[in-house]
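Undergrad: The following file, start.csv, comprises CSV, C-alpha atoms:
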chain,number,residue,atom,x,y,z
A,153,MET,CA,16.5,-5.3,3.7
A,154,ARG,CA,14.6,-2.9,1.5
A,155,ILE,CA,11.4,-5.0,1.7
A,156,VAL,CA,11.7,-5.3,5.5
A,157,LYS,CA,12.2,-1.5,5.8
A,158,SER,CA,9.4,-0.6,3.5
A,159,THR,CA,7.0,-3.0,5.1
A,160,LEU,CA,7.9,-1.7,8.5
A,161,VAL,CA,7.4,1.9,7.5
A,162,VAL,CA,3.9,1.1,6.1
A,163,LEU,CA,2.9,-0.9,9.2
A,164,ILE,CA,4.2,1.6,11.7
A,165,SER,CA,2.6,4.5,9.8
A,166,LEU,CA,-0.7,2.5,9.9
A,167,PHE,CA,-0.4,2.3,13.7
A,168,THR,CA,0.5,6.0,13.9
A,169,VAL,CA,-2.3,7.1,11.7
A,170,ALA,CA,-4.8,4.9,13.6
A,171,SER,CA,-3.5,6.2,17.0
A,172,VAL,CA,-3.7,9.8,15.8
A,173,ALA,CA,-7.2,9.3,14.3
A,174,LYS,CA,-8.3,7.7,17.5
A,175,GLY,CA,-6.8,10.5,19.6
A,176,GLN,CA,-8.4,13.3,17.5
A,177,GLN,CA,-12.0,12.2,17.9
A,178,GLY,CA,-13.1,15.3,19.7
A,179,LYS,CA,-9.9,15.8,21.6
A,180,LYS,CA,-6.8,17.9,21.3
A,181,PRO,CA,-3.7,15.8,20.7
A,182,ALA,CA,-1.9,15.1,23.9
A,183,LYS,CA,1.8,16.2,24.3
A,184,LYS,CA,4.2,13.4,24.5
A,185,SER,CA,5.9,13.1,27.8
A,186,PRO,CA,9.6,12.2,28.0
A,187,MET,CA,8.6,9.0,29.8
A,188,ILE,CA,6.5,7.8,26.8
A,189,LYS,CA,9.4,8.6,24.4
A,190,GLN,CA,11.8,6.6,26.6
A,191,GLN,CA,9.4,3.6,26.6
A,192,GLN,CA,9.3,3.5,22.8
A,193,THR,CA,13.1,3.1,22.5
A,194,VAL,CA,14.2,-0.4,23.1
A,195,ASN,CA,17.6,-2.1,23.4
A,196,PRO,CA,17.8,-4.4,20.4
A,197,ASP,CA,19.6,-7.0,22.5
A,198,SER,CA,16.6,-7.2,24.7
A,199,ILE,CA,14.4,-8.5,21.8
A,200,THR,CA,14.2,-12.3,21.9
A,201,ASP,CA,14.1,-14.6,18.9
A,202,GLN,CA,10.6,-15.6,19.9
A,203,GLU,CA,9.5,-11.9,19.7
A,204,LEU,CA,11.2,-11.6,16.3
A,205,LYS,CA,9.3,-14.7,15.2
A,206,THR,CA,6.0,-13.3,16.5
A,207,PHE,CA,6.8,-10.0,14.8
A,208,ALA,CA,7.5,-11.8,11.5
A,209,GLN,CA,4.2,-13.6,11.7
A,210,GLY,CA,2.4,-10.3,12.4
A,211,MET,CA,4.1,-8.7,9.5
A,212,GLN,CA,3.2,-11.6,7.2
A,213,GLN,CA,-0.4,-11.4,8.1
A,214,ALA,CA,-0.4,-7.6,7.7
A,215,ARG,CA,1.3,-7.8,4.3
A,216,GLN,CA,-1.4,-10.2,3.1
A,217,ILE,CA,-4.1,-7.8,4.3
A,218,GLN,CA,-2.3,-4.9,2.6
A,219,MET,CA,-2.1,-6.8,-0.7
A,220,GLN,CA,-5.9,-7.6,-0.5
A,221,ALA,CA,-6.7,-4.0,0.4
A,222,ARG,CA,-4.6,-2.8,-2.6
A,223,ALA,CA,-6.4,-5.2,-4.9
A,224,ASN,CA,-9.8,-4.0,-3.5
A,225,VAL,CA,-8.9,-0.3,-4.1
A,226,LYS,CA,-7.6,-1.2,-7.6
A,227,LYS,CA,-11.0,-2.8,-8.4
A,228,MET,CA,-12.9,0.2,-7.0
A,229,VAL,CA,-10.8,2.5,-9.2
A,230,GLU,CA,-11.4,0.4,-12.3
A,231,ASP,CA,-15.1,0.1,-11.6
A,232,GLU,CA,-15.3,3.9,-11.5
A,233,GLY,CA,-13.8,4.0,-15.0
A,234,LEU,CA,-10.2,5.0,-14.2
A,235,THR,CA,-7.1,3.0,-14.8
A,236,TYR,CA,-5.1,2.4,-11.7
A,237,LYS,CA,-2.1,4.0,-13.3
A,238,ARG,CA,-4.1,7.2,-13.9
A,239,PHE,CA,-5.5,7.1,-10.4
A,240,GLN,CA,-1.9,6.9,-9.0
A,241,GLN,CA,-0.9,9.9,-11.2
A,242,ILE,CA,-3.8,12.0,-9.9
A,243,MET,CA,-3.1,11.0,-6.3
A,244,MET,CA,0.6,12.0,-6.8
A,245,SER,CA,-0.5,15.3,-8.3
A,246,LYS,CA,-2.5,16.1,-5.1
A,247,ARG,CA,0.5,15.3,-2.9
A,248,SER,CA,3.3,16.9,-4.8
A,249,LYS,CA,3.5,20.5,-6.0
A,250,LYS,CA,5.9,19.4,-8.7
A,251,MET,CA,3.5,16.8,-10.0
A,252,LYS,CA,0.5,19.1,-9.8
A,253,ASN,CA,2.0,21.3,-12.4
A,254,LYS,CA,2.7,18.4,-14.7
A,255,ILE,CA,-0.6,16.6,-14.5
A,256,THR,CA,-3.9,18.0,-15.8
A,257,VAL,CA,-7.0,16.4,-14.2
A,258,SER,CA,-10.3,16.7,-16.1
A,259,ASP,CA,-13.6,17.6,-14.4
A,260,GLU,CA,-14.8,14.1,-15.1
A,261,GLU,CA,-11.8,12.6,-13.4
A,262,LYS,CA,-12.2,15.0,-10.4
A,263,ALA,CA,-15.8,13.8,-10.1
A,264,LYS,CA,-14.7,10.2,-10.2
A,265,MET,CA,-12.0,10.9,-7.5
A,266,ASP,CA,-14.7,12.6,-5.3
A,267,THR,CA,-16.8,9.5,-5.7
A,268,LEU,CA,-13.9,7.2,-4.9
A,269,ARG,CA,-12.5,9.2,-1.9
A,270,PRO,CA,-15.0,8.0,0.8
A,271,LYS,CA,-14.9,4.4,-0.6
A,272,ILE,CA,-11.2,4.3,-0.4
A,273,GLN,CA,-11.1,5.9,3.0
A,274,SER,CA,-13.5,3.3,4.3
A,275,ALA,CA,-11.5,0.5,2.7
A,276,ASN,CA,-8.3,1.8,4.3
A,277,LYS,CA,-9.9,2.2,7.7
A,278,LYS,CA,-11.1,-1.4,7.4
A,279,ALA,CA,-7.6,-2.6,6.4
A,280,ARG,CA,-5.9,-0.7,9.3
A,281,LYS,CA,-8.4,-2.3,11.7
A,282,GLN,CA,-7.7,-5.8,10.3
A,283,ILE,CA,-4.0,-5.3,10.5
A,284,MET,CA,-4.2,-4.2,14.1
A,285,GLN,CA,-6.3,-7.2,14.9
A,286,ALA,CA,-3.8,-9.5,13.1
A,287,ILE,CA,-0.9,-8.0,15.1
A,288,GLU,CA,-2.8,-8.2,18.3
A,289,SER,CA,-3.8,-11.8,17.5
A,290,THR,CA,-0.1,-12.8,17.7
A,291,GLY,CA,-0.2,-11.9,21.4
A,292,MET,CA,2.2,-8.9,21.0
A,293,SER,CA,1.1,-5.5,22.1
A,294,ARG,CA,1.0,-2.7,19.6
A,295,GLN,CA,3.6,-0.8,21.6
A,296,ARG,CA,6.0,-3.7,21.5
A,297,PHE,CA,5.4,-4.3,17.8
A,298,GLN,CA,6.3,-0.6,17.2
A,299,GLN,CA,9.4,-0.8,19.4
A,300,ILE,CA,10.6,-3.9,17.5
A,301,GLY,CA,9.8,-2.2,14.1
A,302,LYS,CA,11.7,0.9,15.1
A,303,ALA,CA,14.7,-1.2,16.3
A,304,LEU,CA,14.7,-3.1,13.0
A,305,ARG,CA,14.9,0.1,11.1
A,306,THR,CA,18.0,1.2,12.9
A,307,ASN,CA,20.0,-1.9,14.0
A,308,LYS,CA,21.8,-4.0,11.3
A,309,LYS,CA,22.6,-6.7,13.8
A,310,LEU,CA,18.9,-7.1,14.7
A,311,VAL,CA,18.0,-7.1,11.0
A,312,LYS,CA,20.4,-10.0,10.4
A,313,ARG,CA,18.8,-12.0,13.3
A,314,PHE,CA,15.4,-11.2,11.9
A,315,LYS,CA,16.3,-12.3,8.4
A,316,LYS,CA,17.7,-15.5,9.8
A,317,ILE,CA,14.4,-16.2,11.6
A,318,GLN,CA,12.4,-15.4,8.5
A,319,LYS,CA,14.5,-17.8,6.5
A,320,LYS,CA,13.9,-20.5,9.1
A,321,MET,CA,10.2,-19.8,9.1
A,322,ARG,CA,10.0,-20.0,5.3
A,323,LYS,CA,11.8,-23.3,5.4
A,324,GLU,CA,9.5,-24.7,8.1
A,325,GLN,CA,6.5,-23.5,6.0
A,326,LYS,CA,7.9,-25.1,2.9
A,327,ASN,CA,8.4,-28.4,4.7
A,328,LYS,CA,4.9,-28.2,6.2
A,329,MET,CA,3.5,-27.7,2.7
A,330,LYS,CA,5.5,-30.6,1.3
A,331,GLN,CA,4.2,-32.8,4.1
A,332,GLN,CA,0.6,-31.8,3.5
A,333,LEU,CA,1.1,-32.6,-0.2
A,334,LYS,CA,2.6,-36.0,0.6
A,335,ASN,CA,-0.3,-36.7,3.0
A,336,LYS,CA,-2.9,-35.7,0.3
A,337,MET,CA,-1.2,-37.9,-2.3
A,338,LYS,CA,-1.1,-40.8,0.1
A,339,GLN,CA,-4.8,-40.3,0.9
A,340,GLN,CA,-5.6,-40.2,-2.8
A,341,GLN,CA,-3.7,-43.4,-3.4
A,342,ASN,CA,-5.5,-45.1,-0.5
A,343,ASN,CA,-8.8,-43.9,-1.9
A,344,ASN,CA,-7.9,-45.1,-5.4
A,345,GLY,CA,-6.9,-48.5,-3.9
A,346,SER,CA,-10.2,-48.9,-2.1
A,347,ASP,CA,-12.2,-48.1,-5.2
A,348,LYS,CA,-10.9,-51.2,-7.0
Would you mind writing the structure in this file as structure tokens?
TA:
Amino acid sequence: MRIVKSTLVVLISLFTVASVAKGQQGKKPAKKSPMIKQQQTVNPDSITDQELKTFAQGMQQARQIQMQARANVKKMVEDEGLTYKRFQQIMMSKRSKKMKNKITVSDEEKAKMDTLRPKIQSANKKARKQIMQAIESTGMSRQRFQQIGKALRTNKKLVKRFKKIQKKMRKEQKNKMKQQLKNKMKQQQNNNGSDK
């Protein structure tokens, strides 16, 4: 449940950040109308198993993109001469007043962070775009994806259905991999038999 919720929070925040960024390009943010707010709330019982399966596929793709993006950022940080742990400490000190007083950042580290900032922003922008494309490639709209994500954060019954679907998908994936391995071994045996 914790993994589902944390992944949902990250994905939904990516969509929110992207939407805000898109909306702020030379424009004032529009006020939300009550109609839009109502559209974002969805009855969990109206979400089909197929939608949950599609949502799970989108989440899986997004998680893979996130992991790759995190690895890329880690490499950028290390290439700049900082450890990833130190980078995280410096970032936390910028976000938290409590941490700012506990962590001293040298001028050299500040310079490295200034060099890293545009690179990381670019990498994050690219990852957000890839995640949105991955979600959209499932055939589900961003709005519906957000609605389902929000419902999963608040409805235990829906989470239970979702986990059941995920378990079934993992089992299907495992069986598919087993079958592929069997086919590969059979093909190798056939190739070894024809070599004689």
Undergrad: So which one's closest to A:Phe297, A:Asn343, A:Gly210, A:Ser198, A:Asn335? Using only C-alpha atoms, please.
TA: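 Nearest to A:Phe297: A:Gly210.
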Undergrad: Find the residue from A:Lys315, A:Lys254, A:Arg322, A:Arg305 that sits nearest to A:Gln241; use all atoms listed in the file when measuring.
TA: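 Answer, going by the shortest atom-to-atom distance: A:Lys254.
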Undergrad: By how many Å are atom CA of A:Gly301 and atom CA of A:Asn195 apart?
TA: 12.1 Å
Undergrad: So how many Å separate atom CA of A:Asp259 and atom CA of A:Lys226, to one decimal?
TA: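 One can read the atom CA of A:Asp259 to atom CA of A:Lys226 distance as 20.9 Å.
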Undergrad: So that I can see what lies close to A:Lys271, please list as a PDB file with C-alpha atoms, in the frame of the given file the residues with an atom at most 9 Å from it, counting only C-alpha atoms and leaving out residues fewer than 4 positions away in the same chain.
TA:
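Contents of the output file selection38.pdb:
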ATOM      1  CA  VAL A 225      -8.900  -0.300  -4.100  1.00  0.00           C
ATOM      2  CA  MET A 228     -12.900   0.200  -7.000  1.00  0.00           C
ATOM      3  CA  THR A 267     -16.800   9.500  -5.700  1.00  0.00           C
ATOM      4  CA  ALA A 275     -11.500   0.500   2.700  1.00  0.00           C
ATOM      5  CA  ASN A 276      -8.300   1.800   4.300  1.00  0.00           C
TER       6      ASN A 276
END
Undergrad: Let me make sure I understand: among A:Ile300, A:Ile217, A:Leu204, A:Leu310, which one has the smallest atom-to-atom distance to A:Met284 if we use all atoms listed in the file?
TA: A:Ile217
Undergrad: Since the input lacks some atoms of stretch 198-214 of chain A, please model N, CA and C atoms and print them as a compact mmCIF listing (two decimals), in the frame of the given file.
TA:
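Writing the result to rebuild-v5.txt gives the following:
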# COMPACT_ATOMS: atom_id res chain seq x y z
N SER A 198 17.61 -6.75 23.84
CA SER A 198 16.60 -7.20 24.70
C SER A 198 15.43 -7.94 23.96
N ILE A 199 15.48 -7.86 22.63
CA ILE A 199 14.40 -8.50 21.80
C ILE A 199 14.80 -9.95 21.59
N THR A 200 13.90 -10.82 22.01
CA THR A 200 14.20 -12.30 21.90
C THR A 200 13.88 -12.78 20.52
N ASP A 201 14.41 -13.95 20.21
CA ASP A 201 14.10 -14.60 18.90
C ASP A 201 12.65 -14.90 18.79
N GLN A 202 12.01 -15.28 19.90
CA GLN A 202 10.60 -15.60 19.90
C GLN A 202 9.79 -14.30 19.51
N GLU A 203 10.22 -13.15 20.05
CA GLU A 203 9.50 -11.90 19.70
C GLU A 203 9.73 -11.57 18.23
N LEU A 204 10.93 -11.82 17.72
CA LEU A 204 11.20 -11.60 16.30
C LEU A 204 10.31 -12.50 15.44
N LYS A 205 10.16 -13.74 15.88
CA LYS A 205 9.30 -14.70 15.20
C LYS A 205 7.86 -14.23 15.17
N THR A 206 7.40 -13.80 16.33
CA THR A 206 6.00 -13.30 16.50
C THR A 206 5.84 -12.05 15.60
N PHE A 207 6.85 -11.17 15.62
CA PHE A 207 6.80 -10.00 14.80
C PHE A 207 6.72 -10.33 13.32
N ALA A 208 7.52 -11.31 12.90
CA ALA A 208 7.50 -11.80 11.50
C ALA A 208 6.14 -12.32 11.12
N GLN A 209 5.52 -13.08 12.02
CA GLN A 209 4.20 -13.60 11.70
C GLN A 209 3.17 -12.49 11.60
N GLY A 210 3.27 -11.50 12.47
CA GLY A 210 2.40 -10.30 12.40
C GLY A 210 2.57 -9.58 11.10
N MET A 211 3.84 -9.39 10.72
CA MET A 211 4.10 -8.70 9.50
C MET A 211 3.60 -9.46 8.26
N GLN A 212 3.73 -10.78 8.31
CA GLN A 212 3.20 -11.60 7.20
C GLN A 212 1.73 -11.45 7.06
N GLN A 213 1.02 -11.51 8.17
CA GLN A 213 -0.40 -11.40 8.10
C GLN A 213 -0.80 -9.96 7.64
N ALA A 214 -0.09 -8.95 8.15
CA ALA A 214 -0.40 -7.60 7.70
C ALA A 214 -0.09 -7.37 6.26
